[in-house]
>>> print(open('work14.cif').read())   # mmCIF, C-alpha atoms
data_data
loop_
_atom_site.group_PDB
_atom_site.id
_atom_site.type_symbol
_atom_site.label_atom_id
_atom_site.label_comp_id
_atom_site.auth_asym_id
_atom_site.auth_seq_id
_atom_site.Cartn_x
_atom_site.Cartn_y
_atom_site.Cartn_z
ATOM 1 C CA THR R 1 -147.008 121.715 -68.770
ATOM 2 C CA LYS R 2 -148.857 124.947 -69.319
ATOM 3 C CA ASN R 3 -147.833 127.904 -67.174
ATOM 4 C CA SER R 4 -150.276 129.444 -64.744
ATOM 5 C CA ASN R 5 -150.590 132.909 -63.281
ATOM 6 C CA CYS R 6 -151.247 131.227 -59.964
ATOM 7 C CA TYR R 7 -147.609 131.794 -59.026
ATOM 8 C CA ASP R 8 -148.096 135.556 -59.129
ATOM 9 C CA GLU R 9 -151.221 135.384 -56.998
ATOM 10 C CA ARG R 10 -150.529 132.113 -55.212
ATOM 11 C CA SER R 11 -151.395 133.524 -51.782
ATOM 12 C CA SER R 12 -155.042 133.636 -52.879
ATOM 13 C CA CYS R 13 -154.894 129.996 -53.988
ATOM 14 C CA ILE R 14 -153.211 128.981 -50.753
ATOM 15 C CA GLU R 15 -155.812 130.768 -48.636
ATOM 16 C CA PHE R 16 -158.578 128.977 -50.486
ATOM 17 C CA LEU R 17 -157.055 125.488 -50.461
ATOM 18 C CA SER R 18 -155.537 125.416 -46.976
ATOM 19 C CA ASN R 19 -157.464 125.777 -43.747
ATOM 20 C CA GLN R 20 -154.503 125.986 -41.396
ATOM 21 C CA PRO R 21 -151.301 128.032 -41.031
ATOM 22 C CA THR R 22 -147.847 126.780 -41.866
ATOM 23 C CA THR R 23 -147.031 124.103 -39.283
ATOM 24 C CA LEU R 24 -144.457 122.022 -41.116
ATOM 25 C CA ARG R 25 -141.416 122.787 -43.215
ATOM 26 C CA VAL R 26 -139.421 120.357 -45.324
ATOM 27 C CA TYR R 27 -135.819 121.450 -45.667
ATOM 28 C CA ARG R 28 -133.516 121.355 -48.646
ATOM 29 C CA LEU R 29 -129.842 121.059 -47.753
ATOM 30 C CA HIS R 30 -128.256 119.874 -50.984
ATOM 31 C CA ASN R 31 -124.930 121.529 -51.865
ATOM 32 C CA ILE R 32 -124.875 123.468 -48.574
ATOM 33 C CA GLN R 33 -121.916 123.094 -46.248
ATOM 34 C CA ALA R 34 -123.325 122.714 -42.746
ATOM 35 C CA PRO R 35 -121.942 125.326 -40.345
ATOM 36 C CA ALA R 36 -120.872 124.422 -36.872
ATOM 37 C CA ASN R 37 -123.407 126.759 -35.352
ATOM 38 C CA ILE R 38 -126.789 125.040 -35.091
ATOM 39 C CA LEU R 39 -128.666 128.334 -35.311
ATOM 40 C CA GLN R 40 -126.978 129.131 -38.627
ATOM 41 C CA LEU R 41 -127.951 125.709 -39.916
ATOM 42 C CA GLN R 42 -131.571 126.291 -38.960
ATOM 43 C CA ARG R 43 -131.555 129.648 -40.732
ATOM 44 C CA LEU R 44 -130.091 128.120 -43.884
ATOM 45 C CA ARG R 45 -132.720 125.420 -43.811
ATOM 46 C CA ALA R 46 -135.513 127.954 -43.448
ATOM 47 C CA ALA R 47 -134.127 130.009 -46.319
ATOM 48 C CA PHE R 48 -134.187 127.064 -48.715
ATOM 49 C CA ALA R 49 -137.397 125.453 -47.471
ATOM 50 C CA MET R 50 -140.283 124.520 -49.662
ATOM 51 C CA LYS R 51 -143.289 125.718 -47.722
ATOM 52 C CA VAL R 52 -145.642 122.929 -46.608
ATOM 53 C CA LEU R 53 -148.941 124.342 -45.406
ATOM 54 C CA LYS R 54 -150.664 121.153 -44.353
ATOM 55 C CA GLU R 55 -149.265 117.912 -43.018
ATOM 56 C CA SER R 56 -149.736 114.864 -45.214
ATOM 57 C CA GLY R 57 -151.685 111.751 -44.366
ATOM 58 C CA ASN R 58 -154.497 113.106 -42.174
ATOM 59 C CA HIS R 59 -157.133 111.272 -44.195
ATOM 60 C CA LEU R 60 -155.168 108.022 -44.453
ATOM 61 C CA ARG R 61 -154.037 108.219 -40.827
ATOM 62 C CA SER R 62 -157.658 108.504 -39.700
ATOM 63 C CA LYS R 63 -158.739 105.570 -41.874
ATOM 64 C CA ALA R 64 -155.823 103.443 -40.692
ATOM 65 C CA ARG R 65 -156.631 104.205 -37.052
ATOM 66 C CA GLN R 66 -160.292 103.303 -37.534
ATOM 67 C CA ASN R 67 -159.411 99.947 -39.074
ATOM 68 C CA LEU R 68 -156.813 99.207 -36.403
ATOM 69 C CA ILE R 69 -159.445 99.821 -33.710
ATOM 70 C CA MET R 70 -161.795 97.425 -35.490
ATOM 71 C CA VAL R 71 -159.030 94.787 -35.643
ATOM 72 C CA PHE R 72 -158.553 95.185 -31.897
ATOM 73 C CA LEU R 73 -162.296 94.868 -31.192
ATOM 74 C CA CYS R 74 -162.623 91.795 -33.416
ATOM 75 C CA SER R 75 -159.670 90.224 -31.620
ATOM 76 C CA ILE R 76 -161.318 90.822 -28.252
ATOM 77 C CA VAL R 77 -164.619 89.294 -29.388
ATOM 78 C CA PHE R 78 -162.816 86.277 -30.828
ATOM 79 C CA ALA R 79 -160.776 85.806 -27.634
ATOM 80 C CA VAL R 80 -163.877 86.015 -25.408
ATOM 81 C CA ILE R 81 -165.778 83.456 -27.466
ATOM 82 C CA PHE R 82 -162.768 81.140 -27.672
ATOM 83 C CA LEU R 83 -161.936 81.297 -23.955
ATOM 84 C CA SER R 84 -165.551 80.672 -23.007
ATOM 85 C CA SER R 85 -165.671 77.559 -25.184
ATOM 86 C CA VAL R 86 -162.664 75.697 -23.712
ATOM 87 C CA SER R 87 -163.881 73.535 -20.823
ATOM 88 C CA ILE R 88 -160.555 73.449 -18.931
ATOM 89 C CA LEU R 89 -160.376 77.250 -18.680
ATOM 90 C CA PRO R 90 -161.973 79.256 -15.838
ATOM 91 C CA LEU R 91 -163.937 81.395 -18.315
ATOM 92 C CA TYR R 92 -165.727 78.362 -19.769
ATOM 93 C CA ILE R 93 -169.492 78.736 -20.148
ATOM 94 C CA ASP R 94 -171.659 75.697 -20.835
ATOM 95 C CA VAL R 95 -174.187 76.592 -23.521
ATOM 96 C CA GLY R 96 -175.466 73.073 -23.989
ATOM 97 C CA LYS R 97 -176.968 72.367 -27.391
ATOM 98 C CA TYR R 98 -175.825 75.754 -28.680
ATOM 99 C CA GLU R 99 -172.170 74.722 -28.599
ATOM 100 C CA ALA R 100 -172.087 74.428 -32.404
ATOM 101 C CA VAL R 101 -173.556 77.920 -32.736
ATOM 102 C CA ARG R 102 -170.865 79.317 -30.451
ATOM 103 C CA ALA R 103 -168.149 77.573 -32.439
ATOM 104 C CA LEU R 104 -169.578 78.995 -35.642
ATOM 105 C CA SER R 105 -169.775 82.482 -34.145
ATOM 106 C CA MET R 106 -165.981 82.546 -33.803
ATOM 107 C CA VAL R 107 -165.707 82.637 -37.574
ATOM 108 C CA PHE R 108 -167.290 86.103 -37.878
ATOM 109 C CA PRO R 109 -164.831 88.140 -35.760
ATOM 110 C CA MET R 110 -161.960 86.233 -37.339
ATOM 111 C CA VAL R 111 -163.109 86.976 -40.908
ATOM 112 C CA PHE R 112 -163.933 90.618 -40.190
ATOM 113 C CA GLY R 113 -160.685 91.029 -38.256
ATOM 114 C CA LEU R 114 -158.669 89.818 -41.246
ATOM 115 C CA GLN R 115 -160.585 92.172 -43.545
ATOM 116 C CA PHE R 116 -159.976 95.177 -41.287
ATOM 117 C CA SER R 117 -156.328 94.148 -40.990
ATOM 118 C CA ARG R 118 -155.931 94.209 -44.781
ATOM 119 C CA GLN R 119 -157.570 97.627 -44.931
ATOM 120 C CA TYR R 120 -155.282 98.895 -42.176
ATOM 121 C CA ARG R 121 -152.168 97.711 -44.052
ATOM 122 C CA ARG R 122 -153.449 99.320 -47.252
ATOM 123 C CA TYR R 123 -154.007 102.706 -45.612
ATOM 124 C CA LYS R 124 -150.707 102.475 -43.724
ATOM 125 C CA LYS R 125 -148.937 101.738 -46.985
ATOM 126 C CA GLY R 126 -150.570 104.731 -48.637
ATOM 127 C CA LEU R 127 -149.571 106.936 -45.701
ATOM 128 C CA ASP R 128 -145.938 105.849 -46.035
ATOM 129 C CA GLY R 129 -146.043 106.643 -49.757
ATOM 130 C CA GLU R 130 -147.383 110.158 -49.168
ATOM 131 C CA ARG R 131 -144.657 110.842 -46.606
ATOM 132 C CA GLN R 132 -141.986 109.657 -49.041
ATOM 133 C CA LEU R 133 -143.265 111.987 -51.742
ATOM 134 C CA THR R 134 -143.407 114.936 -49.350
ATOM 135 C CA GLU R 135 -139.761 114.330 -48.453
ATOM 136 C CA LEU R 136 -138.824 113.962 -52.122
ATOM 137 C CA LEU R 137 -140.532 117.212 -53.095
ATOM 138 C CA GLY R 138 -138.871 118.954 -50.185
ATOM 139 C CA SER R 139 -135.440 117.848 -51.384
ATOM 140 C CA ALA R 140 -136.111 118.862 -55.006
ATOM 141 C CA LEU R 141 -138.083 122.115 -54.750
ATOM 142 C CA ASP R 142 -137.096 125.429 -53.184
ATOM 143 C CA ASP R 143 -139.066 128.192 -51.498
ATOM 144 C CA GLN R 144 -140.652 129.298 -54.765
ATOM 145 C CA TYR R 145 -142.993 126.335 -54.340
ATOM 146 C CA VAL R 146 -145.788 125.653 -51.903
ATOM 147 C CA LEU R 147 -147.065 122.189 -51.021
ATOM 148 C CA ILE R 148 -150.531 121.539 -49.587
ATOM 149 C CA ASN R 149 -151.128 117.942 -48.533
ATOM 150 C CA ASP R 150 -154.368 116.070 -48.019
ATOM 151 C CA VAL R 151 -156.743 118.603 -49.589
ATOM 152 C CA GLU R 152 -160.408 117.866 -48.917
ATOM 153 C CA PHE R 153 -163.489 119.485 -50.440
ATOM 154 C CA GLY R 154 -166.102 117.633 -48.397
ATOM 155 C CA ASP R 155 -167.525 115.843 -51.448
ATOM 156 C CA VAL R 156 -167.887 112.164 -52.323
ATOM 157 C CA TYR R 157 -164.651 112.026 -54.348
ATOM 158 C CA GLY R 158 -162.282 111.851 -51.378
ATOM 159 C CA ASN R 159 -159.132 113.778 -50.660
ATOM 160 C CA ILE R 160 -156.401 115.002 -53.005
ATOM 161 C CA ASP R 161 -153.017 113.695 -51.848
ATOM 162 C CA HIS R 162 -150.871 116.713 -52.762
ATOM 163 C CA VAL R 163 -151.268 120.093 -54.433
ATOM 164 C CA VAL R 164 -148.095 121.926 -55.529
ATOM 165 C CA LEU R 165 -148.125 125.611 -56.512
ATOM 166 C CA GLY R 166 -145.096 127.270 -58.055
ATOM 167 C CA PRO R 167 -143.643 129.172 -60.998
ATOM 168 C CA THR R 168 -144.286 126.233 -63.337
ATOM 169 C CA GLY R 169 -147.989 126.001 -62.496
ATOM 170 C CA ILE R 170 -150.388 124.062 -60.278
ATOM 171 C CA PHE R 171 -150.103 120.285 -59.889
ATOM 172 C CA ALA R 172 -152.570 117.814 -58.389
ATOM 173 C CA ILE R 173 -150.554 114.736 -57.401
ATOM 174 C CA GLU R 174 -151.990 111.277 -56.808
ATOM 175 C CA THR R 175 -149.616 109.034 -54.834
ATOM 176 C CA LYS R 176 -149.592 105.231 -55.153
ATOM 177 C CA ASN R 177 -147.443 102.975 -52.985
ATOM 178 C CA GLN R 178 -147.771 99.827 -55.093
ATOM 179 C CA ARG R 179 -145.235 97.245 -56.181
ATOM 180 C CA GLY R 180 -144.778 95.001 -59.191
ATOM 181 C CA LYS R 181 -144.923 95.669 -62.914
ATOM 182 C CA ILE R 182 -147.418 98.378 -63.806
ATOM 183 C CA GLU R 183 -148.212 99.401 -67.366
ATOM 184 C CA CYS R 184 -150.301 102.288 -68.634
ATOM 185 C CA ASN R 185 -151.717 103.036 -72.053
ATOM 186 C CA GLY R 186 -153.856 106.139 -71.781
ATOM 187 C CA ASP R 187 -156.451 105.321 -69.138
ATOM 188 C CA VAL R 188 -155.893 101.568 -69.451
ATOM 189 C CA TRP R 189 -153.769 100.214 -66.576
ATOM 190 C CA ASN R 190 -152.350 96.759 -66.038
ATOM 191 C CA GLY R 191 -151.025 95.807 -62.622
ATOM 192 C CA ALA R 192 -152.393 98.832 -60.749
ATOM 193 C CA VAL R 193 -154.577 98.037 -57.750
ATOM 194 C CA GLY R 194 -157.699 99.999 -56.864
ATOM 195 C CA ARG R 195 -159.112 102.999 -58.672
ATOM 196 C CA ASN R 196 -157.811 104.090 -62.074
ATOM 197 C CA PRO R 197 -154.774 106.303 -61.237
ATOM 198 C CA SER R 198 -154.879 108.536 -64.315
ATOM 199 C CA LYS R 199 -158.615 109.170 -63.985
ATOM 200 C CA GLN R 200 -158.094 109.975 -60.318
ATOM 201 C CA ALA R 201 -155.322 112.459 -61.064
ATOM 202 C CA ARG R 202 -157.217 114.092 -63.925
ATOM 203 C CA GLY R 203 -160.402 114.311 -61.863
ATOM 204 C CA ASN R 204 -158.504 115.897 -58.983
ATOM 205 C CA ALA R 205 -156.939 118.411 -61.364
ATOM 206 C CA PHE R 206 -160.410 119.402 -62.602
ATOM 207 C CA ARG R 207 -161.637 119.780 -59.007
ATOM 208 C CA ILE R 208 -158.755 122.090 -58.122
ATOM 209 C CA SER R 209 -159.190 124.080 -61.325
ATOM 210 C CA ASP R 210 -162.925 124.530 -60.740
ATOM 211 C CA ALA R 211 -162.332 125.555 -57.131
ATOM 212 C CA VAL R 212 -159.688 128.211 -57.722
ATOM 213 C CA SER R 213 -161.286 129.542 -60.910
ATOM 214 C CA SER R 214 -163.905 131.228 -58.729
ATOM 215 C CA LEU R 215 -161.189 133.458 -57.235
ATOM 216 C CA GLU R 216 -160.956 137.051 -58.379
ATOM 217 C CA VAL R 217 -157.399 136.629 -59.743
ATOM 218 C CA PHE R 218 -158.637 134.056 -62.257
ATOM 219 C CA LYS R 219 -161.599 135.996 -63.621
ATOM 220 C CA SER R 220 -159.753 136.469 -66.898
ATOM 221 C CA GLY R 221 -159.303 132.764 -67.500
ATOM 222 C CA LYS R 222 -159.582 129.344 -65.914
ATOM 223 C CA PRO R 223 -156.225 128.148 -64.543
ATOM 224 C CA TRP R 224 -154.556 125.048 -65.891
ATOM 225 C CA VAL R 225 -153.928 122.303 -63.302
ATOM 226 C CA GLN R 226 -151.718 119.362 -64.258
ATOM 227 C CA GLY R 227 -152.673 115.947 -62.884
ATOM 228 C CA VAL R 228 -149.709 113.745 -61.919
ATOM 229 C CA VAL R 229 -149.491 110.110 -60.802
ATOM 230 C CA VAL R 230 -146.479 109.100 -58.682
ATOM 231 C CA PHE R 231 -145.554 105.551 -57.649
ATOM 232 C CA THR R 232 -143.316 105.667 -54.577
ATOM 233 C CA ASN R 233 -142.622 101.972 -53.936
ATOM 234 C CA LYS R 234 -139.034 101.037 -54.703
ATOM 235 C CA ASN R 235 -140.192 97.650 -56.021
ATOM 236 C CA VAL R 236 -142.448 99.056 -58.725
ATOM 237 C CA GLU R 237 -141.550 98.696 -62.403
#
>>> encode(input="work14.cif", output="structure tokens")
Amino acid sequence: TKNSNCYDERSSCIEFLSNQPTTLRVYRLHNIQAPANILQLQRLRAAFAMKVLKESGNHLRSKARQNLIMVFLCSIVFAVIFLSSVSILPLYIDVGKYEAVRALSMVFPMVFGLQFSRQYRRYKKGLDGERQLTELLGSALDDQYVLINDVEFGDVYGNIDHVVLGPTGIFAIETKNQRGKIECNGDVWNGAVGRNPSKQARGNAFRISDAVSSLEVFKSGKPWVQGVVVFTNKNVE
């Protein structure tokens, strides 16, 4: 990994990439004997904390919520149609010759509900993976590093899961919570689901590099940003 002078001027990078103050800290307590006094423990945690400037999962949480709402609405539509079609129930409505049409109409909310349910599980899975990586980085990195989660530029390419700034450089991390055997040869992936992970990570690295290169501290040269792909599922090979 190439070094970057972003560490020396990282406050400028942070101001550009993060639109909110520090609201979350992830603590590192390895090799520290916990004191009896809770206040001392909190101070030790703060001293060894990797700074997290933006909570992870905002994008995925929003998508998951939207799909869950759609699952709920589809379920309501299906229930209304079903209850109105059973003659022994008080909600039964006689539609005469259109009975077959009503029966067929139950298929649509059921199919769409299943589709939204799959999307919800996918986003929820991705959210869990991002949280796992945030915890892992917090346990491995100290206060020389800064983590910005869920970076968005308002373009068509979507969010960047994690950006880490520290003495070893700038890293754009793409998180995947997928299971099974996954193989990679360059940009050729076998077993990975969805978009090409390495192209995603490299594209995100270019986006970060282009964004921060406009800052005054980088006028002398474009910063190097390393793209990283991380699989968080314990059942991945």
>>> atom_distance(input="work14.cif", atom1="CA of Gln226 in chain R", atom2="CA of Ser62 in chain R")
27.5 Å
>>> resolve_selection(input="work14.cif", expression="the PyMOL selection byres ((chain R and resi 161) around 7)", output="count of residues only")
9
>>> residues_around(input="work14.cif", residues="Ala205 in chain R", least_positions_apart="2", cutoff="12 Å", atoms="only C-alpha atoms", output="ChimeraX atom specification")
/R:151,159-164,169-174,198-203,207-213,223-229
>>> residues_around(input="work14.cif", residues="Val107 in chain R", least_positions_apart="5", cutoff="12 Å", atoms="all atoms listed in the file", output="count of residues only")
13
>>> atom_distance(input="work14.cif", atom1="CA of Phe231 in chain R", atom2="CA of Arg65 in chain R")
23.4 Å
>>> atom_distance(input="work14.cif", atom1="CA of Val230 in chain R", atom2="CA of Asp187 in chain R")
14.9 Å
>>> closest_residue(input="work14.cif", among="R:Gly126, R:Tyr120, R:Leu147, R:Leu83", to="Ile69 in chain R", atoms="only C-alpha atoms")
R:Tyr120
>>> closest_residue(input="work14.cif", among="R:Ser85, R:Asn67, R:Ser214, R:Asn177", to="Leu127 in chain R", atoms="only C-alpha atoms")
R:Asn177
>>> closest_residue(input="work14.cif", among="R:Tyr92, R:Phe116, R:Phe108, R:Tyr98", to="Met70 in chain R", atoms="only C-alpha atoms")
R:Phe116
>>> closest_residue(input="work14.cif", among="R:Ile148, R:Val236, R:Val71, R:Gly96", to="Glu183 in chain R", atoms="all atoms listed in the file")
R:Val236
>>> closest_residue(input="work14.cif", among="R:Ile182, R:Leu141, R:Ile76, R:Val156", to="Pro109 in chain R", atoms="only C-alpha atoms")
R:Ile76
